[in-house]
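J.: Please find run_32.cif (mmCIF, C-alpha atoms, pLDDT in the B column; chains and numbers go by the auth columns) on the next line:
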data_work
#
loop_
_atom_site.group_PDB
_atom_site.id
_atom_site.type_symbol
_atom_site.label_atom_id
_atom_site.label_comp_id
_atom_site.label_asym_id
_atom_site.label_seq_id
_atom_site.Cartn_x
_atom_site.Cartn_y
_atom_site.Cartn_z
_atom_site.B_iso_or_equiv
_atom_site.auth_seq_id
_atom_site.auth_asym_id
ATOM 1 C CA MET A 1 0.637 -1.225 31.005 44.00 23 A
ATOM 2 C CA LYS A 2 1.926 -0.478 27.509 49.00 24 A
ATOM 3 C CA ILE A 3 -0.603 0.785 24.961 47.00 25 A
ATOM 4 C CA ASP A 4 -0.330 -0.324 21.337 53.00 26 A
ATOM 5 C CA PHE A 5 -0.727 2.889 19.327 53.00 27 A
ATOM 6 C CA LYS A 6 -0.759 1.211 15.898 57.00 28 A
ATOM 7 C CA PRO A 7 -4.547 0.700 15.661 58.00 29 A
ATOM 8 C CA LEU A 8 -5.184 4.156 17.141 69.00 30 A
ATOM 9 C CA PHE A 9 -2.721 5.712 14.706 67.00 31 A
ATOM 10 C CA LEU A 10 -4.441 4.206 11.654 67.00 32 A
ATOM 11 C CA LEU A 11 -7.880 5.072 12.985 74.00 33 A
ATOM 12 C CA ASN A 12 -6.902 8.681 13.610 76.00 34 A
ATOM 13 C CA ILE A 13 -5.367 9.065 10.146 73.00 35 A
ATOM 14 C CA ASP A 14 -8.526 7.637 8.627 77.00 36 A
ATOM 15 C CA LYS A 15 -10.896 9.612 10.818 79.00 37 A
ATOM 16 C CA TYR A 16 -9.324 13.072 10.763 83.00 38 A
ATOM 17 C CA LEU A 17 -7.078 13.212 7.702 83.00 39 A
ATOM 18 C CA GLY A 18 -8.423 10.438 5.471 81.00 40 A
ATOM 19 C CA VAL A 19 -11.287 12.104 3.641 82.00 41 A
ATOM 20 C CA PRO A 20 -9.549 15.473 3.079 85.00 42 A
ATOM 21 C CA LEU A 21 -6.311 13.831 1.885 85.00 43 A
ATOM 22 C CA CYS A 22 -8.138 11.372 -0.381 80.00 44 A
ATOM 23 C CA PHE A 23 -10.200 14.224 -1.817 85.00 45 A
ATOM 24 C CA MET A 24 -7.108 16.385 -2.356 84.00 46 A
ATOM 25 C CA PHE A 25 -5.048 13.599 -3.973 84.00 47 A
ATOM 26 C CA ASP A 26 -8.035 12.563 -6.082 81.00 48 A
ATOM 27 C CA ALA A 27 -8.471 16.126 -7.374 83.00 49 A
ATOM 28 C CA PHE A 28 -4.725 16.430 -8.024 82.00 50 A
ATOM 29 C CA ASN A 29 -4.809 13.072 -9.839 77.00 51 A
ATOM 30 C CA LYS A 30 -7.680 14.231 -12.072 77.00 52 A
ATOM 31 C CA VAL A 31 -5.943 17.514 -12.932 80.00 53 A
ATOM 32 C CA GLN A 32 -2.736 15.676 -13.819 75.00 54 A
ATOM 33 C CA GLY A 33 -4.755 13.196 -15.883 71.00 55 A
ATOM 34 C CA TYR A 34 -6.104 16.083 -17.893 72.00 56 A
ATOM 35 C CA PHE A 35 -2.604 17.261 -18.867 71.00 57 A
ATOM 36 C CA PHE A 36 -0.670 13.992 -18.932 68.00 58 A
ATOM 37 C CA SER A 37 -1.710 10.606 -20.199 65.00 59 A
ATOM 38 C CA GLN A 38 -0.584 7.515 -18.394 63.00 60 A
ATOM 39 C CA LYS A 39 1.283 4.865 -20.303 62.00 61 A
ATOM 40 C CA ASP A 40 0.248 1.255 -20.538 61.00 62 A
ATOM 41 C CA PHE A 41 1.935 -0.560 -17.715 64.00 63 A
ATOM 42 C CA TYR A 42 3.984 -3.677 -17.644 70.00 64 A
ATOM 43 C CA SER A 43 5.084 -3.964 -14.044 76.00 65 A
ATOM 44 C CA LYS A 44 8.819 -4.231 -13.542 87.00 66 A
ATOM 45 C CA LYS A 45 9.191 -3.204 -9.906 91.00 67 A
ATOM 46 C CA VAL A 46 6.407 -3.614 -7.362 91.00 68 A
ATOM 47 C CA LEU A 47 5.818 -2.278 -3.862 93.00 69 A
ATOM 48 C CA ILE A 48 3.273 -4.004 -1.625 91.00 70 A
ATOM 49 C CA VAL A 49 1.580 -1.875 1.051 91.00 71 A
ATOM 50 C CA LYS A 50 0.351 -3.769 4.114 88.00 72 A
ATOM 51 C CA PHE A 51 0.621 -1.960 7.433 82.00 73 A
ATOM 52 C CA ALA A 52 -1.106 -4.186 9.916 74.00 74 A
ATOM 53 C CA GLU A 53 -2.874 -7.533 10.178 75.00 75 A
ATOM 54 C CA MET A 54 0.162 -9.578 9.324 76.00 76 A
ATOM 55 C CA GLY A 55 -2.031 -12.694 9.342 80.00 77 A
ATOM 56 C CA ALA A 56 -3.427 -11.454 6.032 79.00 78 A
ATOM 57 C CA THR A 57 0.161 -11.200 4.768 82.00 79 A
ATOM 58 C CA ILE A 58 0.574 -14.899 5.452 85.00 80 A
ATOM 59 C CA HIS A 59 -2.521 -15.498 3.324 82.00 81 A
ATOM 60 C CA ALA A 60 -0.889 -13.438 0.562 84.00 82 A
ATOM 61 C CA TYR A 61 2.206 -15.689 0.520 88.00 83 A
ATOM 62 C CA SER A 62 1.382 -17.443 -2.758 86.00 84 A
ATOM 63 C CA THR A 63 0.425 -14.160 -4.420 87.00 85 A
ATOM 64 C CA ILE A 64 3.690 -12.532 -3.345 90.00 86 A
ATOM 65 C CA ARG A 65 5.700 -15.554 -4.427 91.00 87 A
ATOM 66 C CA ASN A 66 4.007 -15.653 -7.852 89.00 88 A
ATOM 67 C CA LEU A 67 4.668 -11.948 -8.247 89.00 89 A
ATOM 68 C CA GLN A 68 8.338 -12.483 -7.419 92.00 90 A
ATOM 69 C CA LEU A 69 8.555 -15.242 -10.013 92.00 91 A
ATOM 70 C CA LYS A 70 6.968 -12.954 -12.587 91.00 92 A
ATOM 71 C CA VAL A 71 9.032 -9.775 -12.069 92.00 93 A
ATOM 72 C CA GLY A 72 12.019 -11.170 -10.154 92.00 94 A
ATOM 73 C CA GLU A 73 12.616 -11.647 -6.441 92.00 95 A
ATOM 74 C CA LYS A 74 14.706 -8.479 -6.135 94.00 96 A
ATOM 75 C CA ASN A 75 12.025 -6.363 -7.835 94.00 97 A
ATOM 76 C CA VAL A 76 9.309 -6.781 -5.198 94.00 98 A
ATOM 77 C CA TYR A 77 9.365 -4.571 -2.102 95.00 99 A
ATOM 78 C CA PHE A 78 7.168 -4.311 0.984 94.00 100 A
ATOM 79 C CA VAL A 79 6.159 -1.401 3.230 93.00 101 A
ATOM 80 C CA CYS A 80 4.784 -1.980 6.729 90.00 102 A
ATOM 81 C CA PHE A 81 4.712 -0.508 10.211 87.00 103 A
ATOM 82 C CA LYS A 82 7.568 -1.035 12.620 87.00 104 A
ATOM 83 C CA GLY A 83 7.102 -4.322 14.448 84.00 105 A
ATOM 84 C CA SER A 84 5.283 -5.973 11.553 84.00 106 A
ATOM 85 C CA GLU A 85 8.367 -6.726 9.476 87.00 107 A
ATOM 86 C CA GLU A 86 9.353 -9.786 11.496 87.00 108 A
ATOM 87 C CA ILE A 87 6.730 -11.986 9.848 87.00 109 A
ATOM 88 C CA LEU A 88 8.237 -11.109 6.466 88.00 110 A
ATOM 89 C CA PHE A 89 11.633 -12.392 7.583 88.00 111 A
ATOM 90 C CA LEU A 90 10.021 -15.590 8.867 89.00 112 A
ATOM 91 C CA MET A 91 8.300 -16.093 5.518 89.00 113 A
ATOM 92 C CA LYS A 92 11.720 -15.716 3.802 90.00 114 A
ATOM 93 C CA LEU A 93 10.260 -13.714 0.927 89.00 115 A
ATOM 94 C CA PHE A 94 12.200 -10.476 1.350 92.00 116 A
ATOM 95 C CA SER A 95 15.676 -9.405 2.292 91.00 117 A
ATOM 96 C CA LYS A 96 16.140 -6.534 4.730 92.00 118 A
ATOM 97 C CA ASP A 97 16.819 -4.006 1.963 93.00 119 A
ATOM 98 C CA GLN A 98 13.476 -4.835 0.307 95.00 120 A
ATOM 99 C CA ILE A 99 11.371 -3.909 3.343 93.00 121 A
ATOM 100 C CA LEU A 100 10.448 -0.316 4.116 93.00 122 A
ATOM 101 C CA VAL A 101 9.518 0.143 7.754 92.00 123 A
ATOM 102 C CA LEU A 102 7.452 3.127 8.877 91.00 124 A
ATOM 103 C CA ASP A 103 7.900 4.097 12.517 89.00 125 A
ATOM 104 C CA PHE A 104 4.626 5.456 13.882 80.00 126 A
ATOM 105 C CA SER A 105 5.936 6.200 17.384 80.00 127 A
ATOM 106 C CA ASN A 106 5.458 9.926 16.753 80.00 128 A
ATOM 107 C CA PRO A 107 4.029 11.960 13.866 80.00 129 A
ATOM 108 C CA TRP A 108 7.360 13.568 12.896 87.00 130 A
ATOM 109 C CA ARG A 109 9.145 10.236 12.703 90.00 131 A
ATOM 110 C CA PHE A 110 6.282 8.829 10.628 87.00 132 A
ATOM 111 C CA LEU A 111 6.390 11.801 8.248 90.00 133 A
ATOM 112 C CA TRP A 112 10.158 11.477 7.903 95.00 134 A
ATOM 113 C CA ASP A 113 9.839 7.745 7.158 94.00 135 A
ATOM 114 C CA CYS A 114 7.140 8.447 4.543 92.00 136 A
ATOM 115 C CA LEU A 115 9.415 10.970 2.810 94.00 137 A
ATOM 116 C CA ALA A 116 12.303 8.486 2.930 95.00 138 A
ATOM 117 C CA ALA A 117 10.036 5.774 1.502 94.00 139 A
ATOM 118 C CA ARG A 118 9.005 8.103 -1.332 93.00 140 A
ATOM 119 C CA SER A 119 12.666 8.760 -2.113 93.00 141 A
ATOM 120 C CA PHE A 120 13.338 5.007 -1.972 94.00 142 A
ATOM 121 C CA CYS A 121 10.519 4.319 -4.455 92.00 143 A
ATOM 122 C CA ARG A 122 11.729 7.002 -6.843 91.00 144 A
ATOM 123 C CA SER A 123 15.368 5.915 -6.698 92.00 145 A
ATOM 124 C CA ARG A 124 14.451 2.283 -7.419 92.00 146 A
ATOM 125 C CA LYS A 125 11.950 3.291 -10.119 90.00 147 A
ATOM 126 C CA ILE A 126 9.080 1.363 -8.567 91.00 148 A
ATOM 127 C CA ASP A 127 6.293 1.509 -11.130 89.00 149 A
ATOM 128 C CA THR A 128 3.491 -0.488 -9.476 90.00 150 A
ATOM 129 C CA ILE A 129 2.052 -0.273 -5.982 91.00 151 A
ATOM 130 C CA LEU A 130 -0.265 -2.946 -4.597 88.00 152 A
ATOM 131 C CA ASP A 131 -2.322 -1.763 -1.650 88.00 153 A
ATOM 132 C CA PHE A 132 -3.283 -4.844 0.372 84.00 154 A
ATOM 133 C CA GLU A 133 -4.902 -2.776 3.119 82.00 155 A
ATOM 134 C CA PHE A 134 -8.647 -3.097 3.458 74.00 156 A
ATOM 135 C CA PHE A 135 -11.055 -0.862 5.373 70.00 157 A
ATOM 136 C CA SER A 136 -8.411 1.869 5.533 75.00 158 A
ATOM 137 C CA ARG A 137 -7.813 5.095 3.649 81.00 159 A
ATOM 138 C CA ALA A 138 -4.208 5.176 4.866 83.00 160 A
ATOM 139 C CA GLY A 139 -3.125 2.574 2.306 84.00 161 A
ATOM 140 C CA ALA A 140 -4.682 4.510 -0.587 84.00 162 A
ATOM 141 C CA ILE A 141 -3.145 7.770 0.606 86.00 163 A
ATOM 142 C CA LEU A 142 0.311 6.273 1.037 87.00 164 A
ATOM 143 C CA SER A 143 0.082 4.420 -2.290 88.00 165 A
ATOM 144 C CA TYR A 144 -0.613 7.675 -4.094 87.00 166 A
ATOM 145 C CA PHE A 145 2.018 9.571 -2.117 89.00 167 A
ATOM 146 C CA LEU A 146 4.721 6.987 -2.769 89.00 168 A
ATOM 147 C CA GLY A 147 3.950 6.333 -6.414 83.00 169 A
ATOM 148 C CA GLY A 148 2.456 9.571 -7.592 74.00 170 A
ATOM 149 C CA PHE A 149 0.519 10.018 -10.772 65.00 171 A
ATOM 150 C CA MET A 150 2.824 8.087 -13.085 68.00 172 A
ATOM 151 C CA SER A 151 2.746 4.818 -11.151 78.00 173 A
ATOM 152 C CA ARG A 152 0.208 2.073 -11.451 81.00 174 A
ATOM 153 C CA ARG A 153 -1.757 1.785 -8.214 83.00 175 A
ATOM 154 C CA ILE A 154 -3.860 -1.270 -7.483 80.00 176 A
ATOM 155 C CA GLY A 155 -6.047 -1.547 -4.406 79.00 177 A
ATOM 156 C CA LEU A 156 -8.972 -3.258 -2.765 74.00 178 A
ATOM 157 C CA VAL A 157 -12.380 -1.722 -3.372 72.00 179 A
ATOM 158 C CA SER A 158 -15.785 -2.833 -2.207 67.00 180 A
ATOM 159 C CA SER A 159 -19.151 -2.466 -3.830 64.00 181 A
ATOM 160 C CA SER A 160 -20.689 -2.352 -0.360 63.00 182 A
ATOM 161 C CA LYS A 161 -20.552 0.777 1.749 62.00 183 A
ATOM 162 C CA LYS A 162 -18.245 -0.868 4.308 62.00 184 A
ATOM 163 C CA LYS A 163 -15.025 0.340 2.692 62.00 185 A
ATOM 164 C CA PRO A 164 -14.451 4.013 3.438 69.00 186 A
ATOM 165 C CA TYR A 165 -14.254 6.693 0.752 70.00 187 A
ATOM 166 C CA CYS A 166 -10.819 6.673 -0.904 71.00 188 A
ATOM 167 C CA GLY A 167 -11.545 8.754 -3.974 71.00 189 A
ATOM 168 C CA ASP A 168 -10.371 7.403 -7.290 76.00 190 A
ATOM 169 C CA LEU A 169 -6.736 6.893 -6.333 77.00 191 A
ATOM 170 C CA TYR A 170 -6.306 3.440 -7.867 78.00 192 A
ATOM 171 C CA ASN A 171 -5.717 2.769 -11.549 77.00 193 A
ATOM 172 C CA ASP A 172 -6.948 -0.788 -11.131 72.00 194 A
ATOM 173 C CA ASN A 173 -9.282 -2.204 -8.529 69.00 195 A
ATOM 174 C CA ILE A 174 -9.369 -5.551 -6.796 69.00 196 A
ATOM 175 C CA ASN A 175 -12.933 -6.317 -5.795 64.00 197 A
ATOM 176 C CA TYR A 176 -13.170 -7.003 -2.091 65.00 198 A
ATOM 177 C CA ASN A 177 -15.939 -9.376 -1.089 62.00 199 A
ATOM 178 C CA GLU A 178 -16.398 -10.177 2.590 65.00 200 A
ATOM 179 C CA HIS A 179 -17.682 -13.646 1.657 55.00 201 A
ATOM 180 C CA THR A 180 -14.491 -14.604 -0.199 63.00 202 A
ATOM 181 C CA HIS A 181 -11.330 -15.657 1.638 55.00 203 A
ATOM 182 C CA ILE A 182 -8.643 -12.972 1.505 61.00 204 A
ATOM 183 C CA SER A 183 -6.097 -15.322 -0.105 61.00 205 A
ATOM 184 C CA LYS A 184 -8.442 -15.742 -3.110 60.00 206 A
ATOM 185 C CA ILE A 185 -8.953 -11.988 -3.337 62.00 207 A
ATOM 186 C CA TYR A 186 -5.179 -11.369 -3.360 62.00 208 A
ATOM 187 C CA GLU A 187 -4.753 -13.899 -6.165 64.00 209 A
ATOM 188 C CA SER A 188 -7.114 -11.936 -8.399 57.00 210 A
#
Let me see the file written as structure tokens.
T.:
Amino acid sequence: MKIDFKPLFLLNIDKYLGVPLCFMFDAFNKVQGYFFSQKDFYSKKVLIVKFAEMGATIHAYSTIRNLQLKVGEKNVYFVCFKGSEEILFLMKLFSKDQILVLDFSNPWRFLWDCLAARSFCRSRKIDTILDFEFFSRAGAILSYFLGGFMSRRIGLVSSSKKKPYCGDLYNDNINYNEHTHISKIYES
């Protein structure tokens, strides 16, 4: 019997590392904000973060397509866990060089892939990161890690207490409402 470690991996990141990392990045973000002002953003290159629940990615199809029409098809990238990229090829929205795949088979491989993804984002001058993860700190942490202080980070937030603490790592928030279909939330 083969065990799928993907849900356990995300849960463990959230449970054991999530709050301390969010707190640390949030504090670092505030200190940087004191010394450096962020510019007004007009997105030119966008990275979408969606690790799991590829069904929600299907619901984001029209949002992704509209984004590609706005900034150009070659200027939208996607980061996901290994094994989740196949749905993106079936949707025919991204070429292979536009998809960053994080291998979570062991912590060292995952760390290496995160560092490679950060280098990828810097070399392509990605200026906006959309975190489509909900109920997870991992998306907020990775969004901040990949984009850093000078990128625009947009993520799902909830006014209810169901979404875990992520600090103030997003520049712009998308209001998550459990009574609204996810495709409508992505369009906002």
J.: Expanded to explicit residues, what is the PyMOL selection byres ((chain A and resi 189) around 7) for this file, as a list in words?
T.: Cys44, Phe45, Asp48, Tyr187, Cys188, Asp190 and Leu191 of chain A
J.: Env of Gly40 (chain A): 8 Å cut, atoms = only C-alpha atoms, seq-sep filter 5 positions within chain, self excluded. Answer as number ranges by chain.
T.: A: 35, 159-160, 163, 188
J.: My list of candidates is A:Lys66, A:Lys147, A:Arg140, A:His81. Which is closest to Ile109 (chain A) when distances are computed with only C-alpha atoms?
T.: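 Of A:Lys66, A:Lys147, A:Arg140, A:His81, the one nearest Ile109 (chain A), counting only C-alpha atoms, is A:His81.
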J.: Taking into account all atoms listed in the file, which residue in the set A:Phe57, A:Phe167, A:Phe73, A:Phe47 is nearest to Leu137 (chain A)?
T.: A:Phe167
J.: Can you work out which one of A:Cys136, A:Val53, A:Leu91, A:Ser158 has the shortest atom-to-atom distance to Leu39 (chain A), counting all atoms listed in the file?
T.: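 Answer, going by the shortest atom-to-atom distance: A:Ser158.
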J.: Hey, can you check how far CA of Ile176 (chain A) sits from CA of Leu152 (chain A)?
T.: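 The value is 4.9 Å.
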J.: Within 9 Å of Tyr99 (chain A), counting all atoms listed in the file, which residues qualify if same-chain residues fewer than 3 places away don't, as a list in words?
T.: Lys67, Val68, Leu69, Ile70, Val71, Glu95, Lys96, Phe116, Asp119, Gln120, Ile121, Leu122 and Ile148 of chain A
J.: Between A:Ser127, A:Asn34, A:Thr85, A:Asn51, which residue has the minimum interatomic distance to Arg175 (chain A), considering all atoms listed in the file?
T.: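 When distances to Arg175 (chain A) are compared using all atoms listed in the file, the smallest one comes from A:Asn51.
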J.: One number please: CA of Arg131 (chain A) to CA of Glu155 (chain A), in Å, one decimal.
T.: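 Taking CA of Arg131 (chain A) and CA of Glu155 (chain A), their separation equals 21.4 Å.
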J.: How many Å separate CA of Ser173 (chain A) from CA of Asn193 (chain A)?
T.: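 About the pair CA of Ser173 (chain A) and CA of Asn193 (chain A): they are 8.7 Å apart.
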J.: Have a look at A:Lys92, A:Thr79, A:Ala162, A:Phe111 and name the one nearest to Val41 (chain A); count all atoms listed in the file.
T.: A:Ala162
J.: Restricting the calculation to all atoms listed in the file, which member of A:Ser65, A:Phe50, A:Val101, A:Asp36 is positioned closest to Phe154 (chain A)?
T.: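 Ranked by minimum distance to Phe154 (chain A), first place goes to A:Val101.
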J.: Work out where the centre of an axis-aligned box around every listed atom of region 139-147 of chain A lies and how long its edges are once 3 Å is added on each side; give both in Å to one decimal as JSON.
T.:
{"center_x": 12.2, "center_y": 5.5, "center_z": -4.3, "size_x": 12.4, "size_y": 12.5, "size_z": 17.6}
J.: Would you mind completing region 66-91 of chain A so that it carries N, CA and C atoms, and writing it out as a PDB file, keeping the file's coordinate frame?
T.:
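Output file result.pdb is given in full below:
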ATOM      1  N   LYS A  66       7.436  -3.766 -13.637  1.00 87.00           N
ATOM      2  CA  LYS A  66       8.819  -4.231 -13.542  1.00 87.00           C
ATOM      3  C   LYS A  66       9.289  -4.266 -12.094  1.00 87.00           C
ATOM      4  N   LYS A  67       8.834  -3.278 -11.323  1.00 91.00           N
ATOM      5  CA  LYS A  67       9.191  -3.204  -9.906  1.00 91.00           C
ATOM      6  C   LYS A  67       7.933  -2.885  -9.122  1.00 91.00           C
ATOM      7  N   VAL A  68       7.679  -3.669  -8.072  1.00 91.00           N
ATOM      8  CA  VAL A  68       6.407  -3.614  -7.362  1.00 91.00           C
ATOM      9  C   VAL A  68       6.642  -3.386  -5.875  1.00 91.00           C
ATOM     10  N   LEU A  69       5.820  -2.510  -5.305  1.00 93.00           N
ATOM     11  CA  LEU A  69       5.818  -2.278  -3.862  1.00 93.00           C
ATOM     12  C   LEU A  69       4.473  -2.728  -3.322  1.00 93.00           C
ATOM     13  N   ILE A  70       4.497  -3.541  -2.283  1.00 91.00           N
ATOM     14  CA  ILE A  70       3.273  -4.004  -1.625  1.00 91.00           C
ATOM     15  C   ILE A  70       3.100  -3.203  -0.340  1.00 91.00           C
ATOM     16  N   VAL A  71       1.905  -2.654  -0.146  1.00 91.00           N
ATOM     17  CA  VAL A  71       1.580  -1.875   1.051  1.00 91.00           C
ATOM     18  C   VAL A  71       0.677  -2.721   1.940  1.00 91.00           C
ATOM     19  N   LYS A  72       1.150  -3.039   3.125  1.00 88.00           N
ATOM     20  CA  LYS A  72       0.351  -3.769   4.114  1.00 88.00           C
ATOM     21  C   LYS A  72       0.871  -3.383   5.487  1.00 88.00           C
ATOM     22  N   PHE A  73       0.149  -2.490   6.159  1.00 82.00           N
ATOM     23  CA  PHE A  73       0.621  -1.960   7.433  1.00 82.00           C
ATOM     24  C   PHE A  73       0.444  -2.935   8.589  1.00 82.00           C
ATOM     25  N   ALA A  74      -0.743  -3.411   8.731  1.00 74.00           N
ATOM     26  CA  ALA A  74      -1.106  -4.186   9.916  1.00 74.00           C
ATOM     27  C   ALA A  74      -1.725  -5.505   9.478  1.00 74.00           C
ATOM     28  N   GLU A  75      -2.235  -6.245  10.435  1.00 75.00           N
ATOM     29  CA  GLU A  75      -2.874  -7.533  10.178  1.00 75.00           C
ATOM     30  C   GLU A  75      -1.942  -8.463   9.399  1.00 75.00           C
ATOM     31  N   MET A  76      -0.837  -8.770  10.000  1.00 76.00           N
ATOM     32  CA  MET A  76       0.162  -9.578   9.324  1.00 76.00           C
ATOM     33  C   MET A  76      -0.333 -10.993   9.035  1.00 76.00           C
ATOM     34  N   GLY A  77      -1.426 -11.405   9.687  1.00 80.00           N
ATOM     35  CA  GLY A  77      -2.031 -12.694   9.342  1.00 80.00           C
ATOM     36  C   GLY A  77      -2.496 -12.709   7.896  1.00 80.00           C
ATOM     37  N   ALA A  78      -3.010 -11.562   7.431  1.00 79.00           N
ATOM     38  CA  ALA A  78      -3.427 -11.454   6.032  1.00 79.00           C
ATOM     39  C   ALA A  78      -2.217 -11.530   5.104  1.00 79.00           C
ATOM     40  N   THR A  79      -1.058 -11.093   5.575  1.00 82.00           N
ATOM     41  CA  THR A  79       0.161 -11.200   4.768  1.00 82.00           C
ATOM     42  C   THR A  79       0.536 -12.660   4.572  1.00 82.00           C
ATOM     43  N   ILE A  80       0.319 -13.470   5.592  1.00 85.00           N
ATOM     44  CA  ILE A  80       0.574 -14.899   5.452  1.00 85.00           C
ATOM     45  C   ILE A  80      -0.344 -15.488   4.381  1.00 85.00           C
ATOM     46  N   HIS A  81      -1.590 -15.032   4.353  1.00 82.00           N
ATOM     47  CA  HIS A  81      -2.521 -15.498   3.324  1.00 82.00           C
ATOM     48  C   HIS A  81      -2.122 -15.024   1.930  1.00 82.00           C
ATOM     49  N   ALA A  82      -1.338 -13.966   1.857  1.00 84.00           N
ATOM     50  CA  ALA A  82      -0.889 -13.438   0.562  1.00 84.00           C
ATOM     51  C   ALA A  82       0.410 -14.088   0.095  1.00 84.00           C
ATOM     52  N   TYR A  83       0.913 -15.072   0.836  1.00 88.00           N
ATOM     53  CA  TYR A  83       2.206 -15.689   0.520  1.00 88.00           C
ATOM     54  C   TYR A  83       2.282 -16.143  -0.935  1.00 88.00           C
ATOM     55  N   SER A  84       1.313 -16.917  -1.390  1.00 86.00           N
ATOM     56  CA  SER A  84       1.382 -17.443  -2.758  1.00 86.00           C
ATOM     57  C   SER A  84       1.288 -16.325  -3.791  1.00 86.00           C
ATOM     58  N   THR A  85       0.516 -15.300  -3.506  1.00 87.00           N
ATOM     59  CA  THR A  85       0.425 -14.160  -4.420  1.00 87.00           C
ATOM     60  C   THR A  85       1.765 -13.439  -4.513  1.00 87.00           C
ATOM     61  N   ILE A  86       2.391 -13.206  -3.365  1.00 90.00           N
ATOM     62  CA  ILE A  86       3.690 -12.532  -3.345  1.00 90.00           C
ATOM     63  C   ILE A  86       4.735 -13.376  -4.062  1.00 90.00           C
ATOM     64  N   ARG A  87       4.723 -14.662  -3.797  1.00 91.00           N
ATOM     65  CA  ARG A  87       5.700 -15.554  -4.427  1.00 91.00           C
ATOM     66  C   ARG A  87       5.515 -15.594  -5.953  1.00 91.00           C
ATOM     67  N   ASN A  88       4.268 -15.670  -6.410  1.00 89.00           N
ATOM     68  CA  ASN A  88       4.007 -15.653  -7.852  1.00 89.00           C
ATOM     69  C   ASN A  88       4.443 -14.335  -8.481  1.00 89.00           C
ATOM     70  N   LEU A  89       4.231 -13.254  -7.768  1.00 89.00           N
ATOM     71  CA  LEU A  89       4.668 -11.948  -8.247  1.00 89.00           C
ATOM     72  C   LEU A  89       6.189 -11.895  -8.363  1.00 89.00           C
ATOM     73  N   GLN A  90       6.878 -12.448  -7.370  1.00 92.00           N
ATOM     74  CA  GLN A  90       8.338 -12.483  -7.419  1.00 92.00           C
ATOM     75  C   GLN A  90       8.836 -13.325  -8.592  1.00 92.00           C
ATOM     76  N   LEU A  91       8.165 -14.412  -8.870  1.00 92.00           N
ATOM     77  CA  LEU A  91       8.555 -15.242 -10.013  1.00 92.00           C
ATOM     78  C   LEU A  91       8.325 -14.511 -11.331  1.00 92.00           C
TER      79      LEU A  91
END
